[in-house]
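Undergrad: One file: query-v7.txt (compact mmCIF, C-alpha atoms).
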```
# COMPACT_ATOMS: atom_id res chain seq x y z
CA MET C 1254 -30.08 -5.74 -3.98
CA ALA C 1255 -26.32 -6.21 -4.39
CA ALA C 1256 -24.77 -4.84 -7.54
CA SER C 1257 -22.98 -8.08 -8.42
CA PRO C 1258 -23.92 -11.76 -8.27
CA ALA C 1259 -23.26 -13.78 -5.17
CA SER C 1260 -20.54 -16.38 -5.37
CA SER C 1261 -21.57 -19.88 -6.33
CA PRO C 1262 -23.36 -21.52 -3.41
CA SER C 1263 -22.03 -24.72 -1.97
CA PRO C 1264 -23.96 -27.93 -2.69
CA ALA C 1265 -24.38 -28.29 1.04
CA SER C 1266 -26.03 -24.88 1.37
CA ALA C 1267 -29.19 -24.77 3.42
CA GLY C 1268 -32.20 -25.06 1.20
CA SER C 1269 -30.40 -26.98 -1.52
CA PRO C 1270 -32.56 -29.75 -2.96
CA GLY C 1271 -31.46 -33.34 -2.67
CA SER C 1272 -30.45 -35.32 -5.72
CA ALA C 1273 -30.01 -39.01 -6.27
CA VAL C 1274 -28.83 -41.11 -9.17
CA LEU C 1275 -31.05 -44.10 -9.66
CA PRO C 1276 -29.74 -47.60 -10.47
CA GLY C 1277 -28.18 -47.74 -13.90
CA ALA C 1278 -27.63 -43.98 -13.89
CA ALA C 1279 -23.95 -43.95 -14.74
CA ALA C 1280 -23.30 -42.91 -18.32
CA SER C 1281 -21.76 -45.67 -20.35
CA PRO C 1282 -17.93 -45.55 -20.63
CA ALA C 1283 -18.19 -45.62 -24.42
CA VAL C 1284 -20.34 -42.48 -24.44
CA VAL C 1285 -18.16 -40.62 -21.95
CA ALA C 1286 -15.04 -41.44 -23.98
CA ALA C 1287 -16.67 -40.44 -27.26
CA HIS C 1288 -17.97 -37.04 -26.12
CA PRO C 1289 -15.87 -35.90 -23.13
CA ASP C 1290 -15.58 -32.27 -24.26
CA ARG C 1291 -19.06 -31.56 -25.61
CA PRO C 1292 -20.25 -28.46 -23.68
CA ARG C 1293 -23.12 -29.20 -21.31
CA VAL C 1294 -24.85 -27.57 -18.34
CA THR C 1295 -24.20 -29.67 -15.26
CA GLU C 1296 -25.55 -27.41 -12.52
CA LEU C 1297 -28.34 -24.85 -12.19
CA ARG C 1298 -28.13 -22.36 -9.32
CA LEU C 1299 -31.14 -20.45 -8.07
CA ALA C 1300 -29.61 -18.19 -5.43
CA ALA C 1301 -32.77 -16.08 -5.21
CA PHE C 1302 -35.41 -16.80 -7.84
CA ALA C 1303 -39.19 -17.03 -7.35
CA GLY C 1304 -39.67 -19.59 -4.54
CA HIS C 1305 -36.03 -20.75 -4.55
CA ARG C 1306 -33.23 -19.56 -2.28
CA ARG C 1307 -29.70 -20.99 -2.30
CA ALA C 1308 -30.87 -23.93 -4.43
CA VAL C 1309 -28.27 -25.95 -6.32
CA LEU C 1310 -29.64 -28.44 -8.86
CA ARG C 1311 -27.12 -31.01 -10.12
CA LEU C 1312 -28.01 -32.06 -13.66
CA GLY C 1313 -27.11 -35.30 -15.42
CA PRO C 1314 -27.80 -36.22 -19.06
CA LEU C 1315 -31.31 -37.27 -17.99
CA THR C 1316 -32.71 -35.46 -14.94
CA LEU C 1317 -36.13 -35.41 -13.32
CA LEU C 1318 -37.18 -32.61 -10.96
CA ALA C 1319 -39.58 -34.26 -8.53
CA GLY C 1320 -41.87 -32.58 -6.04
CA PRO C 1321 -45.46 -31.62 -5.26
CA SER C 1322 -47.28 -28.66 -6.74
CA GLY C 1323 -45.69 -25.45 -5.52
CA SER C 1324 -42.23 -26.95 -5.01
CA GLY C 1325 -40.70 -24.85 -7.79
CA LYS C 1326 -40.31 -27.30 -10.66
CA THR C 1327 -41.75 -24.93 -13.27
CA SER C 1328 -39.77 -21.94 -12.01
CA ALA C 1329 -36.54 -23.97 -12.18
CA LEU C 1330 -37.25 -24.86 -15.80
CA ARG C 1331 -38.09 -21.21 -16.47
CA ALA C 1332 -34.75 -20.11 -15.02
CA TYR C 1333 -32.87 -22.60 -17.22
CA ASP C 1334 -34.76 -21.44 -20.31
CA ALA C 1335 -34.06 -17.80 -19.40
CA LEU C 1336 -30.32 -18.43 -19.12
CA ALA C 1337 -30.40 -20.21 -22.48
CA ARG C 1338 -32.11 -17.31 -24.18
CA LEU C 1339 -29.78 -14.77 -22.57
CA GLY C 1340 -26.83 -16.90 -23.69
CA GLY C 1341 -28.19 -16.64 -27.23
CA GLY C 1342 -28.12 -12.84 -27.03
CA ALA C 1343 -31.81 -12.17 -26.30
CA GLU C 1344 -32.81 -8.87 -24.75
CA LEU C 1345 -33.61 -8.94 -21.04
CA GLY C 1346 -37.16 -7.60 -21.47
CA ALA C 1347 -38.03 -10.35 -23.96
CA VAL C 1348 -36.73 -13.03 -21.61
CA PHE C 1349 -38.48 -11.68 -18.49
CA PRO C 1350 -41.78 -10.05 -19.59
CA GLU C 1351 -43.01 -10.19 -15.97
CA PRO C 1352 -39.82 -9.79 -13.93
CA GLY C 1353 -41.67 -9.12 -10.68
CA ALA C 1354 -42.82 -12.76 -10.63
CA CYS C 1355 -39.17 -13.87 -10.50
CA VAL C 1356 -38.38 -11.89 -7.34
CA PRO C 1357 -38.59 -13.95 -4.14
CA GLU C 1358 -41.91 -13.16 -2.50
CA ARG C 1359 -40.50 -11.92 0.82
CA ALA C 1360 -37.55 -10.04 -0.68
CA ARG C 1361 -37.35 -6.55 0.78
CA PRO C 1362 -36.34 -3.56 -1.33
CA ASP C 1363 -33.11 -1.72 -0.50
CA ALA C 1364 -32.80 1.98 0.31
CA GLN C 1365 -33.22 2.82 -3.41
CA ARG C 1366 -36.39 0.63 -3.57
CA ARG C 1367 -34.63 -1.96 -5.72
CA ARG C 1368 -35.52 -5.63 -5.76
CA GLY C 1369 -34.30 -8.41 -8.01
CA PHE C 1370 -33.23 -12.02 -8.41
CA ARG C 1371 -30.08 -14.10 -8.99
CA ILE C 1372 -29.56 -17.19 -11.14
CA GLY C 1373 -26.56 -19.04 -12.50
CA CYS C 1374 -25.22 -22.27 -13.93
CA THR C 1375 -22.10 -24.33 -14.53
CA ALA C 1376 -21.10 -25.56 -17.99
CA ASP C 1377 -18.58 -28.38 -18.26
CA GLY C 1378 -16.47 -29.17 -21.32
CA ALA C 1379 -12.95 -28.91 -22.69
CA GLU C 1380 -12.20 -25.89 -20.47
CA GLY C 1381 -13.35 -27.71 -17.35
CA PRO C 1382 -16.20 -26.35 -15.21
CA VAL C 1383 -17.08 -22.75 -16.15
CA HIS C 1384 -19.43 -20.84 -13.83
CA LEU C 1385 -21.86 -18.07 -14.76
CA ASP C 1386 -23.80 -16.03 -12.17
CA VAL C 1387 -26.18 -13.21 -13.01
CA ALA C 1388 -27.91 -10.62 -10.81
CA VAL C 1389 -30.98 -8.95 -12.30
CA GLN C 1390 -32.75 -5.89 -10.96
CA ALA C 1391 -36.50 -6.25 -11.54
CA GLU C 1392 -37.72 -3.10 -9.77
CA PRO C 1393 -37.97 -0.18 -10.28
CA GLU C 1394 -36.65 -0.96 -13.78
CA LEU C 1395 -35.40 -4.15 -15.39
CA ARG C 1396 -31.65 -4.36 -15.90
CA ILE C 1397 -28.66 -6.63 -15.38
CA VAL C 1398 -26.71 -5.23 -12.44
CA GLY C 1399 -24.02 -7.89 -12.10
CA GLU C 1400 -22.52 -10.81 -14.00
CA ARG C 1401 -19.59 -13.09 -13.23
CA LEU C 1402 -17.93 -15.67 -15.48
CA SER C 1403 -15.25 -17.73 -13.73
CA ALA C 1404 -13.22 -20.93 -14.01
CA ASP C 1405 -10.67 -22.58 -11.72
CA GLY C 1406 -11.13 -19.79 -9.18
CA VAL C 1407 -10.23 -17.08 -11.72
CA VAL C 1408 -12.78 -14.37 -12.51
CA LEU C 1409 -12.76 -14.09 -16.30
CA LEU C 1410 -15.52 -11.49 -16.63
CA GLU C 1411 -17.18 -9.37 -13.98
CA THR C 1412 -19.69 -6.58 -14.42
CA ALA C 1413 -21.30 -4.24 -11.91
CA LEU C 1414 -23.69 -1.32 -11.97
CA ARG C 1415 -21.65 1.75 -11.00
CA ASP C 1416 -23.92 4.58 -12.10
CA PRO C 1417 -27.70 3.90 -11.86
CA GLY C 1418 -28.29 6.89 -14.16
CA ARG C 1419 -26.52 5.20 -17.09
CA ARG C 1420 -27.95 2.28 -19.08
CA ALA C 1421 -24.66 0.41 -18.89
CA VAL C 1422 -22.61 -1.70 -16.51
CA GLN C 1423 -18.88 -1.47 -15.96
CA ALA C 1424 -17.20 -4.66 -17.22
CA ALA C 1425 -13.74 -6.01 -16.48
CA TRP C 1426 -12.36 -9.10 -18.21
CA HIS C 1427 -9.20 -11.10 -17.64
CA THR C 1428 -6.28 -10.09 -19.87
CA ALA C 1429 -3.09 -11.36 -18.17
CA GLY C 1430 -1.01 -9.12 -20.44
CA SER C 1431 0.62 -5.79 -19.69
CA ALA C 1432 -2.58 -4.97 -17.80
CA PRO C 1433 -4.25 -7.69 -15.69
CA VAL C 1434 -7.78 -6.70 -16.79
CA THR C 1435 -9.47 -4.67 -19.50
CA ARG C 1436 -12.35 -2.39 -18.53
CA ALA C 1437 -15.16 -1.14 -20.74
CA PRO C 1438 -18.91 -0.47 -20.50
CA LEU C 1439 -21.42 -3.11 -21.62
CA PRO C 1440 -25.20 -2.73 -22.07
CA ASP C 1441 -27.37 -3.52 -19.04
CA ASP C 1442 -30.14 -5.17 -21.06
CA ARG C 1443 -28.14 -8.14 -22.38
CA LEU C 1444 -25.81 -10.74 -21.00
CA GLY C 1445 -22.15 -9.79 -21.38
CA THR C 1446 -20.75 -13.30 -21.89
CA PRO C 1447 -22.04 -13.80 -25.48
CA LEU C 1448 -20.77 -10.29 -26.36
CA LEU C 1449 -17.17 -11.08 -25.43
CA PRO C 1450 -16.10 -12.36 -28.90
CA LEU C 1451 -16.94 -8.87 -30.21
CA ARG C 1452 -14.88 -7.11 -27.54
CA VAL C 1453 -11.92 -9.38 -26.74
CA ALA C 1454 -9.05 -9.47 -29.22
CA GLY C 1455 -7.63 -12.83 -28.18
CA LYS C 1456 -3.99 -11.63 -28.34
CA THR C 1457 -2.87 -12.88 -24.93
CA ASP C 1458 -3.22 -16.25 -23.22
CA GLY C 1459 -5.58 -14.62 -20.74
CA GLN C 1460 -7.81 -13.23 -23.47
CA ARG C 1461 -7.88 -16.57 -25.26
CA ARG C 1462 -8.88 -18.23 -22.01
CA VAL C 1463 -11.75 -15.77 -21.62
CA LEU C 1464 -12.95 -16.44 -25.17
CA ALA C 1465 -12.75 -20.24 -24.74
CA ALA C 1466 -14.72 -20.14 -21.49
CA ALA C 1467 -17.36 -17.82 -22.95
CA GLU C 1468 -17.76 -20.04 -26.01
CA GLN C 1469 -18.16 -23.13 -23.85
CA MET C 1470 -20.85 -21.45 -21.77
CA VAL C 1471 -22.76 -20.10 -24.77
CA VAL C 1472 -22.64 -23.41 -26.68
CA ALA C 1473 -23.80 -25.30 -23.58
CA LEU C 1474 -26.73 -22.94 -23.08
CA ARG C 1475 -27.88 -22.71 -26.69
CA SER C 1476 -30.09 -25.32 -28.41
CA VAL C 1477 -32.70 -25.54 -25.65
CA PHE C 1478 -36.21 -26.70 -26.52
CA ALA C 1479 -38.82 -25.98 -23.84
CA CYS C 1480 -41.68 -28.41 -24.45
CA ASP C 1481 -45.14 -28.75 -22.90
CA PRO C 1482 -47.50 -30.39 -25.44
CA ARG C 1483 -51.05 -29.00 -25.56
CA PRO C 1484 -53.34 -31.76 -26.85
CA GLY C 1485 -56.28 -29.40 -27.37
CA ARG C 1486 -54.41 -27.60 -30.13
CA MET C 1487 -52.77 -30.70 -31.58
CA ARG C 1488 -56.16 -32.12 -32.62
CA GLU C 1489 -56.80 -29.36 -35.17
CA PRO C 1490 -55.54 -29.27 -38.79
CA VAL C 1491 -52.75 -26.71 -39.26
CA PRO C 1492 -51.32 -24.74 -42.19
CA THR C 1493 -48.06 -25.94 -43.66
CA GLY C 1494 -45.20 -23.74 -42.52
CA SER C 1495 -41.54 -24.03 -41.61
CA GLY C 1496 -41.81 -27.62 -40.39
CA HIS C 1497 -40.21 -26.66 -37.08
CA LEU C 1498 -42.01 -28.05 -34.03
CA LEU C 1499 -43.28 -25.41 -31.58
CA GLY C 1500 -42.95 -25.79 -27.83
CA GLY C 1501 -46.64 -26.59 -27.41
CA CYS C 1502 -46.50 -29.06 -30.34
CA ASP C 1503 -49.52 -27.26 -31.83
CA ASN C 1504 -48.15 -27.80 -35.36
CA LEU C 1505 -47.37 -31.48 -34.95
CA ALA C 1506 -49.21 -32.34 -38.17
CA ASP C 1507 -47.03 -29.93 -40.17
CA VAL C 1508 -43.86 -31.46 -38.70
CA LEU C 1509 -45.02 -35.01 -39.46
CA TRP C 1510 -45.71 -33.92 -43.03
CA ARG C 1511 -42.02 -33.02 -43.25
CA THR C 1512 -40.21 -35.65 -41.15
CA ARG C 1513 -41.97 -38.73 -42.54
CA ALA C 1514 -40.48 -38.01 -45.96
CA GLU C 1515 -37.03 -36.91 -44.77
CA CYS C 1516 -35.80 -39.91 -42.77
CA GLY C 1517 -37.56 -43.23 -43.18
CA ARG C 1518 -35.40 -45.04 -40.61
CA ARG C 1519 -36.02 -42.54 -37.84
CA HIS C 1520 -39.71 -42.33 -38.70
CA ALA C 1521 -39.97 -46.11 -38.41
CA GLN C 1522 -38.44 -45.91 -34.92
CA PHE C 1523 -40.91 -43.19 -34.00
CA VAL C 1524 -43.85 -45.29 -35.22
CA ALA C 1525 -42.59 -48.23 -33.14
CA ALA C 1526 -42.56 -45.99 -30.05
CA VAL C 1527 -46.08 -44.74 -30.79
CA ARG C 1528 -47.21 -48.34 -31.19
CA THR C 1529 -46.05 -49.00 -27.63
CA GLY C 1530 -47.81 -46.01 -26.07
CA CYS C 1531 -51.07 -45.67 -27.99
CA ALA C 1532 -54.13 -47.92 -27.90
CA GLY C 1533 -55.03 -50.12 -30.86
CA THR C 1534 -52.99 -51.14 -33.87
CA VAL C 1535 -50.53 -48.56 -35.20
CA ALA C 1536 -49.11 -49.25 -38.64
CA ASP C 1537 -48.00 -45.69 -39.39
CA VAL C 1538 -48.28 -42.09 -38.21
CA LEU C 1539 -48.64 -39.59 -41.01
CA ALA C 1540 -50.10 -36.30 -42.16
CA GLU C 1541 -52.22 -35.63 -45.20
CA PRO C 1542 -53.42 -32.44 -46.90
CA ASP C 1543 -56.95 -31.28 -46.25
CA ALA C 1544 -59.20 -28.62 -47.78
CA GLY C 1545 -58.11 -25.04 -47.23
CA GLY C 1546 -54.37 -25.57 -47.51
CA VAL C 1547 -53.98 -27.34 -44.16
CA VAL C 1548 -52.64 -30.73 -43.10
CA ARG C 1549 -53.97 -33.06 -40.45
CA ALA C 1550 -52.24 -35.87 -38.59
CA LEU C 1551 -53.55 -39.43 -38.65
CA ILE C 1552 -52.78 -42.88 -37.32
CA ASP C 1553 -52.94 -45.62 -39.94
CA ARG C 1554 -54.42 -48.72 -38.34
CA GLY C 1555 -53.20 -51.00 -41.14
CA ASP C 1556 -56.64 -52.28 -42.18
CA GLY C 1557 -57.70 -49.30 -44.24
CA THR C 1558 -58.81 -47.30 -41.18
CA ARG C 1559 -57.16 -43.98 -40.39
CA THR C 1560 -57.77 -42.34 -37.03
CA GLY C 1561 -57.50 -38.55 -36.77
CA LEU C 1562 -55.73 -37.06 -33.76
CA ALA C 1563 -59.04 -35.54 -32.70
CA ARG C 1564 -60.08 -39.04 -31.59
CA LEU C 1565 -57.01 -39.68 -29.45
CA GLY C 1566 -56.99 -39.21 -25.70
CA TYR C 1567 -55.12 -36.50 -23.81
CA GLY C 1568 -52.38 -38.85 -22.62
CA GLU C 1569 -51.96 -40.46 -26.04
CA LEU C 1570 -51.40 -37.07 -27.64
CA ARG C 1571 -48.86 -35.96 -25.05
CA TYR C 1572 -47.06 -39.28 -25.40
CA LEU C 1573 -46.99 -39.02 -29.20
CA ALA C 1574 -45.68 -35.42 -29.10
CA LEU C 1575 -42.94 -36.13 -26.54
CA ALA C 1576 -41.81 -39.19 -28.49
CA LEU C 1577 -41.53 -37.08 -31.64
CA VAL C 1578 -39.43 -34.51 -29.76
CA LEU C 1579 -37.00 -37.19 -28.57
CA PHE C 1580 -36.59 -38.62 -32.08
CA THR C 1581 -35.91 -35.29 -33.78
CA GLY C 1582 -33.22 -32.63 -33.31
CA PRO C 1583 -32.34 -28.94 -33.74
CA GLY C 1584 -33.11 -29.14 -37.46
CA VAL C 1585 -36.74 -29.96 -36.71
CA LEU C 1586 -37.42 -28.32 -33.35
CA GLU C 1587 -37.93 -24.57 -32.90
CA VAL C 1588 -34.52 -23.92 -31.31
CA ASP C 1589 -31.63 -21.50 -31.80
CA PRO C 1590 -28.43 -23.56 -32.16
CA ALA C 1591 -24.97 -22.02 -32.31
CA GLY C 1592 -24.62 -21.94 -36.09
CA GLU C 1593 -20.86 -21.34 -36.01
CA VAL C 1594 -20.20 -24.54 -34.02
CA PRO C 1595 -20.28 -28.00 -35.68
CA ALA C 1596 -23.36 -30.03 -34.76
CA ALA C 1597 -21.12 -32.83 -33.45
CA LEU C 1598 -19.96 -30.49 -30.65
CA GLN C 1599 -23.46 -29.42 -29.60
CA THR C 1600 -26.12 -31.02 -27.46
CA LEU C 1601 -29.86 -30.38 -27.65
CA THR C 1602 -31.41 -29.90 -24.21
CA VAL C 1603 -35.12 -30.67 -23.89
CA LEU C 1604 -37.03 -29.06 -21.02
CA ALA C 1605 -40.33 -30.86 -20.36
CA ASP C 1606 -42.66 -29.35 -17.78
CA GLY C 1607 -45.25 -31.80 -16.49
CA PHE C 1608 -43.40 -34.66 -18.16
CA ASP C 1609 -45.78 -37.30 -16.75
CA ARG C 1610 -48.97 -35.23 -16.95
CA GLY C 1611 -51.84 -37.28 -18.36
CA LEU C 1612 -49.67 -40.36 -18.98
CA ASP C 1613 -50.51 -43.81 -17.69
CA VAL C 1614 -47.92 -46.08 -16.05
CA ARG C 1615 -46.96 -47.76 -19.32
CA GLN C 1616 -46.61 -44.52 -21.28
CA ARG C 1617 -44.45 -42.69 -18.76
CA ALA C 1618 -42.14 -45.69 -18.33
CA GLU C 1619 -41.72 -46.10 -22.09
CA LEU C 1620 -40.99 -42.40 -22.58
CA LEU C 1621 -38.39 -42.45 -19.82
CA ARG C 1622 -36.72 -45.48 -21.38
CA LEU C 1623 -36.71 -43.70 -24.73
CA ALA C 1624 -35.22 -40.57 -23.14
CA ALA C 1625 -32.52 -42.65 -21.43
CA ARG C 1626 -31.64 -44.29 -24.74
CA MET C 1627 -31.37 -40.96 -26.57
CA CYS C 1628 -29.42 -39.27 -23.77
CA ASP C 1629 -26.98 -42.17 -23.65
CA ARG C 1630 -26.02 -41.44 -27.26
CA GLY C 1631 -24.81 -38.00 -26.20
CA HIS C 1632 -26.82 -35.85 -28.61
CA ILE C 1633 -29.69 -35.00 -26.22
CA ARG C 1634 -29.92 -33.94 -22.60
CA PHE C 1635 -33.30 -34.04 -20.93
CA LEU C 1636 -34.68 -32.15 -17.91
CA GLY C 1637 -38.26 -33.01 -16.98
CA ALA C 1638 -40.59 -32.16 -14.11
CA VAL C 1639 -42.73 -34.81 -12.39
CA ALA C 1640 -44.85 -34.84 -9.25
CA ASP C 1641 -43.39 -38.15 -8.08
CA ALA C 1642 -40.38 -40.07 -9.37
CA SER C 1643 -40.71 -43.27 -7.34
CA TRP C 1644 -41.58 -45.16 -10.53
CA ALA C 1645 -38.46 -44.04 -12.40
CA ALA C 1646 -36.07 -46.57 -10.86
CA GLY C 1647 -37.95 -49.52 -12.33
CA ALA C 1648 -38.23 -47.95 -15.76
CA VAL C 1649 -34.54 -47.07 -15.94
CA GLY C 1650 -33.51 -50.49 -14.68
CA GLU C 1651 -35.31 -52.07 -17.59
CA ALA C 1652 -33.62 -49.63 -19.97
CA GLY C 1653 -30.12 -50.89 -19.19
CA ALA C 1654 -29.95 -53.66 -21.79
CA ALA C 1655 -31.70 -51.60 -24.47
CA ALA C 1656 -29.55 -48.48 -24.24
CA ALA C 1657 -26.96 -48.19 -26.99
CA GLY C 1658 -23.50 -48.82 -25.62
CA GLY C 1659 -24.41 -48.87 -21.93
CA ALA C 1660 -26.85 -48.57 -19.10
CA GLY C 1661 -28.41 -45.17 -19.45
CA GLY C 1662 -29.89 -43.64 -16.31
CA VAL C 1663 -31.75 -40.84 -14.60
CA THR C 1664 -30.78 -38.34 -11.92
CA VAL C 1665 -33.67 -37.34 -9.63
CA VAL C 1666 -33.58 -33.95 -7.88
CA HIS C 1667 -36.15 -33.73 -5.10
CA LEU C 1668 -37.71 -30.30 -4.49
CA ASN C 1669 -39.74 -29.33 -1.44
CA PRO C 1670 -42.19 -26.41 -1.12
```
Have the structure of the file written as C-alpha cells, please.
TA:
Amino acid sequence: MAASPASSPSPASAGSPGSAVLPGAAASPAVVAAHPDRPRVTELRLAAFAGHRRAVLRLGPLTLLAGPSGSGKTSALRAYDALARLGGGAELGAVFPEPGACVPERARPDAQRRRGFRIGCTADGAEGPVHLDVAVQAEPELRIVGERLSADGVVLLETALRDPGRRAVQAAWHTAGSAPVTRAPLPDDRLGTPLLPLRVAGKTDGQRRVLAAAEQMVVALRSVFACDPRPGRMREPVPTGSGHLLGGCDNLADVLWRTRAECGRRHAQFVAAVRTGCAGTVADVLAEPDAGGVVRALIDRGDGTRTGLARLGYGELRYLALALVLFTGPGVLEVDPAGEVPAALQTLTVLADGFDRGLDVRQRAELLRLAARMCDRGHIRFLGAVADASWAAGAVGEAGAAAAGGAGGVTVVHLNP
C-alpha cells in the first residue's frame, strides 16, 4: 500500500457511480444567498474502500444512494461517518474496530504484507473547495500512513509514513514564510487536520490559509447523525436520561418526554407529520412516566384512547422516528458539534441507512418531502440509502410549492454491485 493518499479521482474515473438531479432539485436562490459560506461536504471519494474503487459520490443538500443489495450503500455511509468521527478527533481504532472489513476484497498485500484502504471528501465553503484524502493501513497493524489537505491545487498539509518502526508520521504544512513548509511528526492514530490549530501559529498568510481550510473541513465533517431506527427497541419503555436521541432511536420515548415541553411549535409540526404517516387519528404524540422510573411513548387518538408504541407497525415506527430526527437538531440528537463555531455556521448531516425500509408508498414520499423542506432551509443535509429511487421524482415534484423559499430537491447517486 502506498504511504500517501492518491490524488483526488476525476468524476469521469472508471467505476464512478452515476448521479442525477431530479426535477426541482436546484436549491432555491434565497437559500443559496443566505448561506453561501456554510461549510458542507459536497463530495465523498472512495478510492479503495470495501467494495468501492475509484468511486466519486457527488452530494447535494438532499442525496439518495440508490442500488440493489451489495452495491455498497451501507459502506459509503460508513465511510462518511468514519471521516466525520476522525474530523472530530476520534482515535483510529475506535472509528475502525474491524479495519480488515474496509480493505477491498481482492487487494493484495505489498512486500511488507501491508494492506489498507483510502477514503476522502471535499468540503465547500468560504475558502472554496477543500479536499481531504486519507490512506489507512489496516494490516498488519492499524495506522494512518498518509493524509493530504489541499485547496486550489496547493497542498496545505501532507503526511507520510517514513519509519514503520515509529508510531508517528512525518507531516509538512504550508507556511509561505521564510520557509515554504514546516515539518514535524504527528501521531499515526489520529487525523492530522483537526490537530493543526494546536500546531500552526497562524503568523503568515500561508499558515492562516492552512488554518482556515482545516477549520472548514472539520466544521463540515462534524455534526453527523447516523440513523437507522430499530422498531423492536422503540416499543419498550426506557429510563429517563440525557434526552439525546440515539442512532437506533431506542430512547425515542425519553426524547419525546423532553422535546414536547421544550418547543410547542415544532412539536405541533412533528405531530402533523405523524398524522400523515400513521394509521388512525393522531391528536398528539407524547411520553408519560411509568412504574419503575421509566417513560413510554404513546399516540393520543383524541377520544380518550392512547395507543402505546408497542401496538404500532414496523413501518409506522420507522416513519415516526425519522420524522422526529428531521424536526430536531444537534441539541437533541446524539452528535458532536463544533462547540467553538456558532450554530448559524454549522449544518447537521443526517445519514439514514435503509431510508425506505419498511415504509409504504405514502410514508416514504411524505418523509422525502419533509427532508426536502428541511434541507431547503439550510440547517440540515440528508444522505439516505434506498434500494430504488424511481419514486423520488414524483415526491420531490410535489414538494416544490411546499418548500420554504423555493423548490427543494433530491440528488440521486446510482450504485452498481
Undergrad: Residues around (-18.2, -4.8, -20.0), cut-off 8 Å, counting all atoms listed in the file - what are they as a list in words?
TA: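 Residues found, by chain and rising number: Leu1410, Glu1411, Thr1412, Val1422, Gln1423, Ala1424, Ala1425, Trp1426, Arg1436, Ala1437, Pro1438, Leu1439, Pro1440 and Gly1445 of chain C.
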Undergrad: So that I can check the surroundings of Val1407 (chain C), please list as a ChimeraX atom specification every protein, DNA and RNA residue that reaches within 12 Å of it, counting only C-alpha atoms and ignoring chain neighbours fewer than 5 positions away.
TA: /C:1382-1384,1401-1402,1426-1429,1433-1434,1459,1462-1463,1466
Undergrad: When you look at Gly1533 (chain C) with a cut-off of 12 Å (counting all atoms listed in the file), what residues show up, excluding the ones that are within fewer than 5 positions of it in the same chain? I need them as JSON, numbers by chain.
TA: {"C": [1527, 1528, 1552, 1553, 1554, 1555, 1556, 1558, 1559, 1560, 1565, 1569]}
Undergrad: My list of candidates is C:Pro1492, C:Gly1378, C:Gly1320, C:Pro1447. Which is closest to Ala1343 (chain C) when distances are computed with only C-alpha atoms?
TA: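 Once distances to Ala1343 (chain C) are computed over only C-alpha atoms, the minimum belongs to C:Pro1447.
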Undergrad: One number please: CA of Val1356 (chain C) to CA of Phe1370 (chain C), in Å, one decimal.
TA: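 Going from CA of Val1356 (chain C) over to CA of Phe1370 (chain C), I get 5.3 Å.
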Undergrad: Nearest residue to Pro1357 (chain C) out of C:Ile1372, C:Ala1467, C:Cys1531, C:Ala1574, using all atoms listed in the file?
TA: C:Ile1372
Undergrad: Looking at C:Glu1380, C:Gln1365, C:Arg1359, C:Gly1662, which one is nearest to Arg1626 (chain C), with distances taken over all atoms listed in the file?
TA: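 Of all the options, C:Gly1662 lies closest to Arg1626 (chain C).
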Undergrad: With N, CA and C atoms as the target, complete region 1459-1470 of chain C and hand it back as an mmCIF file, keeping the file's coordinate frame.
TA:
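Generated file (selection-v5.cif):
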```cif
data_model
loop_
_atom_site.group_PDB
_atom_site.id
_atom_site.type_symbol
_atom_site.label_atom_id
_atom_site.label_comp_id
_atom_site.auth_asym_id
_atom_site.auth_seq_id
_atom_site.Cartn_x
_atom_site.Cartn_y
_atom_site.Cartn_z
ATOM 1 N N GLY C 1459 -4.436 -14.935 -21.583
ATOM 2 C CA GLY C 1459 -5.580 -14.620 -20.740
ATOM 3 C C GLY C 1459 -6.818 -14.322 -21.552
ATOM 4 N N GLN C 1460 -6.668 -13.551 -22.618
ATOM 5 C CA GLN C 1460 -7.810 -13.230 -23.470
ATOM 6 C C GLN C 1460 -8.351 -14.483 -24.156
ATOM 7 N N ARG C 1461 -7.427 -15.341 -24.606
ATOM 8 C CA ARG C 1461 -7.880 -16.570 -25.260
ATOM 9 C C ARG C 1461 -8.619 -17.478 -24.272
ATOM 10 N N ARG C 1462 -8.188 -17.454 -23.026
ATOM 11 C CA ARG C 1462 -8.880 -18.230 -22.010
ATOM 12 C C ARG C 1462 -10.292 -17.702 -21.788
ATOM 13 N N VAL C 1463 -10.423 -16.382 -21.768
ATOM 14 C CA VAL C 1463 -11.750 -15.770 -21.620
ATOM 15 C C VAL C 1463 -12.661 -16.177 -22.769
ATOM 16 N N LEU C 1464 -12.140 -16.103 -23.997
ATOM 17 C CA LEU C 1464 -12.950 -16.440 -25.170
ATOM 18 C C LEU C 1464 -13.353 -17.917 -25.156
ATOM 19 N N ALA C 1465 -12.439 -18.803 -24.765
ATOM 20 C CA ALA C 1465 -12.750 -20.240 -24.740
ATOM 21 C C ALA C 1465 -13.826 -20.535 -23.700
ATOM 22 N N ALA C 1466 -13.723 -19.913 -22.531
ATOM 23 C CA ALA C 1466 -14.720 -20.140 -21.490
ATOM 24 C C ALA C 1466 -16.081 -19.586 -21.895
ATOM 25 N N ALA C 1467 -16.088 -18.408 -22.509
ATOM 26 C CA ALA C 1467 -17.360 -17.820 -22.950
ATOM 27 C C ALA C 1467 -18.008 -18.676 -24.027
ATOM 28 N N GLU C 1468 -17.198 -19.183 -24.969
ATOM 29 C CA GLU C 1468 -17.760 -20.040 -26.010
ATOM 30 C C GLU C 1468 -18.345 -21.313 -25.423
ATOM 31 N N GLN C 1469 -17.638 -21.911 -24.464
ATOM 32 C CA GLN C 1469 -18.160 -23.130 -23.850
ATOM 33 C C GLN C 1469 -19.487 -22.881 -23.161
ATOM 34 N N MET C 1470 -19.602 -21.762 -22.458
ATOM 35 C CA MET C 1470 -20.850 -21.450 -21.770
ATOM 36 C C MET C 1470 -21.986 -21.205 -22.763
#
```
